[in-house]
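Below is one structure, written out as structure tokens, with a few remarks after it.
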Amino acid sequence: SQQGEEDPQALSIQEGENATMNCSYKTSINNLQWYRQNSGRGLVHLILIRSNEREKHSGRLRVTLDTSKKSSSLLITASRAADTASYFCATNAQAGTALIFGKGTTLSVSS
Amino acid sequence: GAVVSQHPSWVICKSGTSVKIECRSLDFQATTMFWYRQFPKQSLMLMATSNEGSKATYEQGVEKDKFLINHASLTLSTLTVTSAHPEDSSFYICSAGSKAETQYFGPGTRLLVL
């Protein structure tokens, strides 16, 4: 079953703007991960944030986690056309168990 | 990083035939592998957990007799879609897990049933 919701479902921005996507989940988690998927392709792992972490950075990506609200956000700064893709959050309850994916946000960055 | 491969990358078959999809962990041993299905414009849905040397665990609503999973070795899990029908057309993705935090996803197999 789906773990939670992501919003917005779709986001269209101009190159250079920032994109923020949010993810909510329903149960206790071990960690939360964000993935990118280009149309018709496989998943690319972006970043993992553990349940005891609140913020993490990787290049132009910034992820926050609020376990009290059971939510996470992914910020992509200075977006590029190549960032156009679908973005999914995924959680698992314990290390080594299946990931449960959110519904995803489709990001379109126009040049 | 660890690599997971899937074969075939795409397959077209006639309704009623069976299709086997392989998932291999290329440089590590995976006691557990996971199979997901993704319909167009939707997210990944977990189908089943494949355990090496034992029976797979299926998610609610997934027919175990239709989606046969075999995990005979620490590097190979197979998913067989039996008597495939057009509604089984989808993108099938496997991942290999270990005790580590990161799972490694295969590139996916696109199945089209005519």
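Every chain in the structure tokens takes a letter, A first, then B, and so on in the order presented; its residues are numbered from 1, and the ligands are numbered from 1 following the presented order.
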Give me, as a PDB file with C-alpha atoms, in the first residue's frame, all polymer residues having an atom no more than 7 Å from B:Ser5, counting only C-alpha atoms and skipping those fewer than 6 positions away in the same chain.
```pdb
ATOM      1  CA  CYS B  23      16.968  -9.703 -11.348  1.00  0.00           C
ATOM      2  CA  ARG B  24      20.657 -10.104 -10.548  1.00  0.00           C
ATOM      3  CA  SER B  25      22.872  -8.483  -7.964  1.00  0.00           C
ATOM      4  CA  GLY B 106      17.495  -2.551 -11.265  1.00  0.00           C
ATOM      5  CA  PRO B 107      16.828  -0.569 -14.456  1.00  0.00           C
TER       6      PRO B 107
END
```
Kindly provide, as a ChimeraX atom specification, the residues of chain B having any atom no farther than 9 Å from an atom of chain A, counting only C-alpha atoms. /B:32-34,40,42-46,48-49,59-60,91,93,95-108,110
Taking only stretch 17-109 of chain A into account, list the residues labelled strand (DSSP E or B) by DSSP (computed from the backbone), as JSON, numbers by chain. {"A": [19, 20, 21, 22, 23, 24, 31, 32, 33, 34, 35, 36, 37, 43, 44, 45, 46, 47, 48, 49, 50, 55, 56, 57, 58, 61, 62, 63, 64, 65, 66, 71, 72, 73, 74, 75, 76, 85, 86, 87, 88, 89, 90, 91, 92, 100, 101, 105, 106, 107, 108, 109]}
Residues just named, written with C-alpha atoms as a short mmCIF file (atom, residue, chain, number, x, y, z; two decimals), in the first residue's frame:
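result_31.cif, freshly written:
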```
data_model
loop_
_atom_site.label_atom_id
_atom_site.label_comp_id
_atom_site.auth_asym_id
_atom_site.auth_seq_id
_atom_site.Cartn_x
_atom_site.Cartn_y
_atom_site.Cartn_z
CA ALA A 19 11.63 23.66 -6.65
CA THR A 20 10.17 22.38 -3.40
CA MET A 21 8.40 19.06 -3.08
CA ASN A 22 6.79 17.71 0.03
CA CYS A 23 6.17 14.18 1.22
CA SER A 24 4.10 12.88 4.10
CA ASN A 31 14.91 6.41 7.12
CA LEU A 32 13.42 8.38 4.25
CA GLN A 33 14.90 8.46 0.79
CA TRP A 34 14.28 10.54 -2.31
CA TYR A 35 14.53 9.16 -5.81
CA ARG A 36 14.34 10.65 -9.27
CA GLN A 37 12.88 8.90 -12.28
CA LEU A 43 15.19 5.08 -10.40
CA VAL A 44 18.12 7.24 -9.41
CA HIS A 45 18.85 7.48 -5.71
CA LEU A 46 19.24 11.10 -4.63
CA ILE A 47 19.58 11.30 -0.90
CA LEU A 48 18.84 9.41 2.32
CA ILE A 49 17.96 11.02 5.61
CA ARG A 50 17.80 9.00 8.79
CA GLU A 55 18.31 18.23 7.49
CA LYS A 56 20.72 17.01 4.86
CA HIS A 57 22.42 18.59 1.87
CA SER A 58 23.85 17.14 -1.30
CA LEU A 61 19.58 19.27 -3.00
CA ARG A 62 18.35 19.99 0.50
CA VAL A 63 16.16 17.55 2.38
CA THR A 64 14.39 18.16 5.65
CA LEU A 65 12.65 15.67 7.88
CA ASP A 66 10.09 16.41 10.57
CA SER A 71 6.78 14.86 6.64
CA SER A 72 9.80 15.62 4.51
CA SER A 73 10.65 18.17 1.89
CA LEU A 74 13.04 18.14 -1.02
CA LEU A 75 14.40 21.45 -2.26
CA ILE A 76 16.22 21.68 -5.57
CA ALA A 85 11.67 14.20 -13.94
CA SER A 86 9.38 12.57 -11.41
CA TYR A 87 10.52 12.64 -7.80
CA PHE A 88 9.49 10.07 -5.22
CA CYS A 89 10.01 9.77 -1.52
CA ALA A 90 10.28 6.30 -0.04
CA THR A 91 10.43 5.01 3.50
CA ASN A 92 11.04 1.77 5.28
CA ILE A 100 7.20 2.11 0.36
CA PHE A 101 6.90 4.89 -2.18
CA THR A 105 5.81 14.83 -7.91
CA THR A 106 6.32 15.47 -11.60
CA LEU A 107 8.69 18.39 -12.07
CA SER A 108 8.97 20.24 -15.35
CA VAL A 109 11.73 22.81 -15.72
#
```
Test item: residues at most 7 Å from A:Gln14, only C-alpha atoms, excluding those fewer than 3 positions along its chain, as a tab-separated table (two decimals) with N, CA and C atoms, in the first residue's frame:
```tsv
chain	number	residue	atom	x	y	z
A	17	GLU	N	14.96	28.79	-11.05
A	17	GLU	CA	14.10	28.87	-9.88
A	17	GLU	C	14.34	27.65	-8.98
A	109	VAL	N	10.92	21.60	-15.74
A	109	VAL	CA	11.73	22.81	-15.72
A	109	VAL	C	11.94	23.27	-17.16
A	110	SER	N	11.45	24.46	-17.45
A	110	SER	CA	11.56	24.96	-18.82
A	110	SER	C	12.68	25.99	-18.92
A	111	SER	N	13.34	25.98	-20.06
A	111	SER	CA	14.48	26.89	-20.26
A	111	SER	C	14.04	28.18	-20.96
```
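Between A:Ile29 and the candidates A:Glu15, A:Gly59, A:Ala82, A:Asn52, the tightest atom-to-atom separation, counting only C-alpha atoms, involves A:Asn52.
Shortest separation to B:Cys13 among B:Lys41, B:Lys66, B:His85, B:His71 occurs at residue B:His85, atoms counted being only C-alpha atoms.
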Show me, as a PyMOL selection string, the residues that have an atom within 10 Å of B:Glu87 when counting only C-alpha atoms, minus same-chain residues fewer than 5 positions from it. chain B and resi 15+39+112-114
Give me a file of those residues, with N, CA and C atoms, as an mmCIF file, in the first residue's frame.
```cif
data_model
loop_
_atom_site.group_PDB
_atom_site.id
_atom_site.type_symbol
_atom_site.label_atom_id
_atom_site.label_comp_id
_atom_site.auth_asym_id
_atom_site.auth_seq_id
_atom_site.Cartn_x
_atom_site.Cartn_y
_atom_site.Cartn_z
ATOM 1 N N SER B 15 -1.076 -12.441 -25.318
ATOM 2 C CA SER B 15 -1.917 -12.755 -24.181
ATOM 3 C C SER B 15 -1.956 -14.263 -23.975
ATOM 4 N N PHE B 39 2.602 1.272 -12.953
ATOM 5 C CA PHE B 39 1.756 1.568 -14.110
ATOM 6 C C PHE B 39 2.028 2.996 -14.563
ATOM 7 N N LEU B 112 4.835 -5.499 -22.258
ATOM 8 C CA LEU B 112 3.638 -5.164 -23.033
ATOM 9 C C LEU B 112 2.986 -6.470 -23.468
ATOM 10 N N VAL B 113 1.767 -6.654 -23.043
ATOM 11 C CA VAL B 113 1.031 -7.873 -23.399
ATOM 12 C C VAL B 113 -0.037 -7.507 -24.425
ATOM 13 N N LEU B 114 0.035 -8.134 -25.577
ATOM 14 C CA LEU B 114 -0.895 -7.805 -26.660
ATOM 15 C C LEU B 114 -2.144 -8.675 -26.610
#
```
Tell me which protein, DNA and RNA residues are within 6 Å of B:Ile21, counting only C-alpha atoms, leaving out same-chain ones fewer than 5 positions away, and put them as a PyMOL selection string. chain B and resi 7+78-79
One-decimal distance in Å that lies between atom CA of A:Ala81 and atom CA of A:Ser12: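 We find that atom CA of A:Ser12 and atom CA of A:Ala81 lie 10.8 Å from each other.
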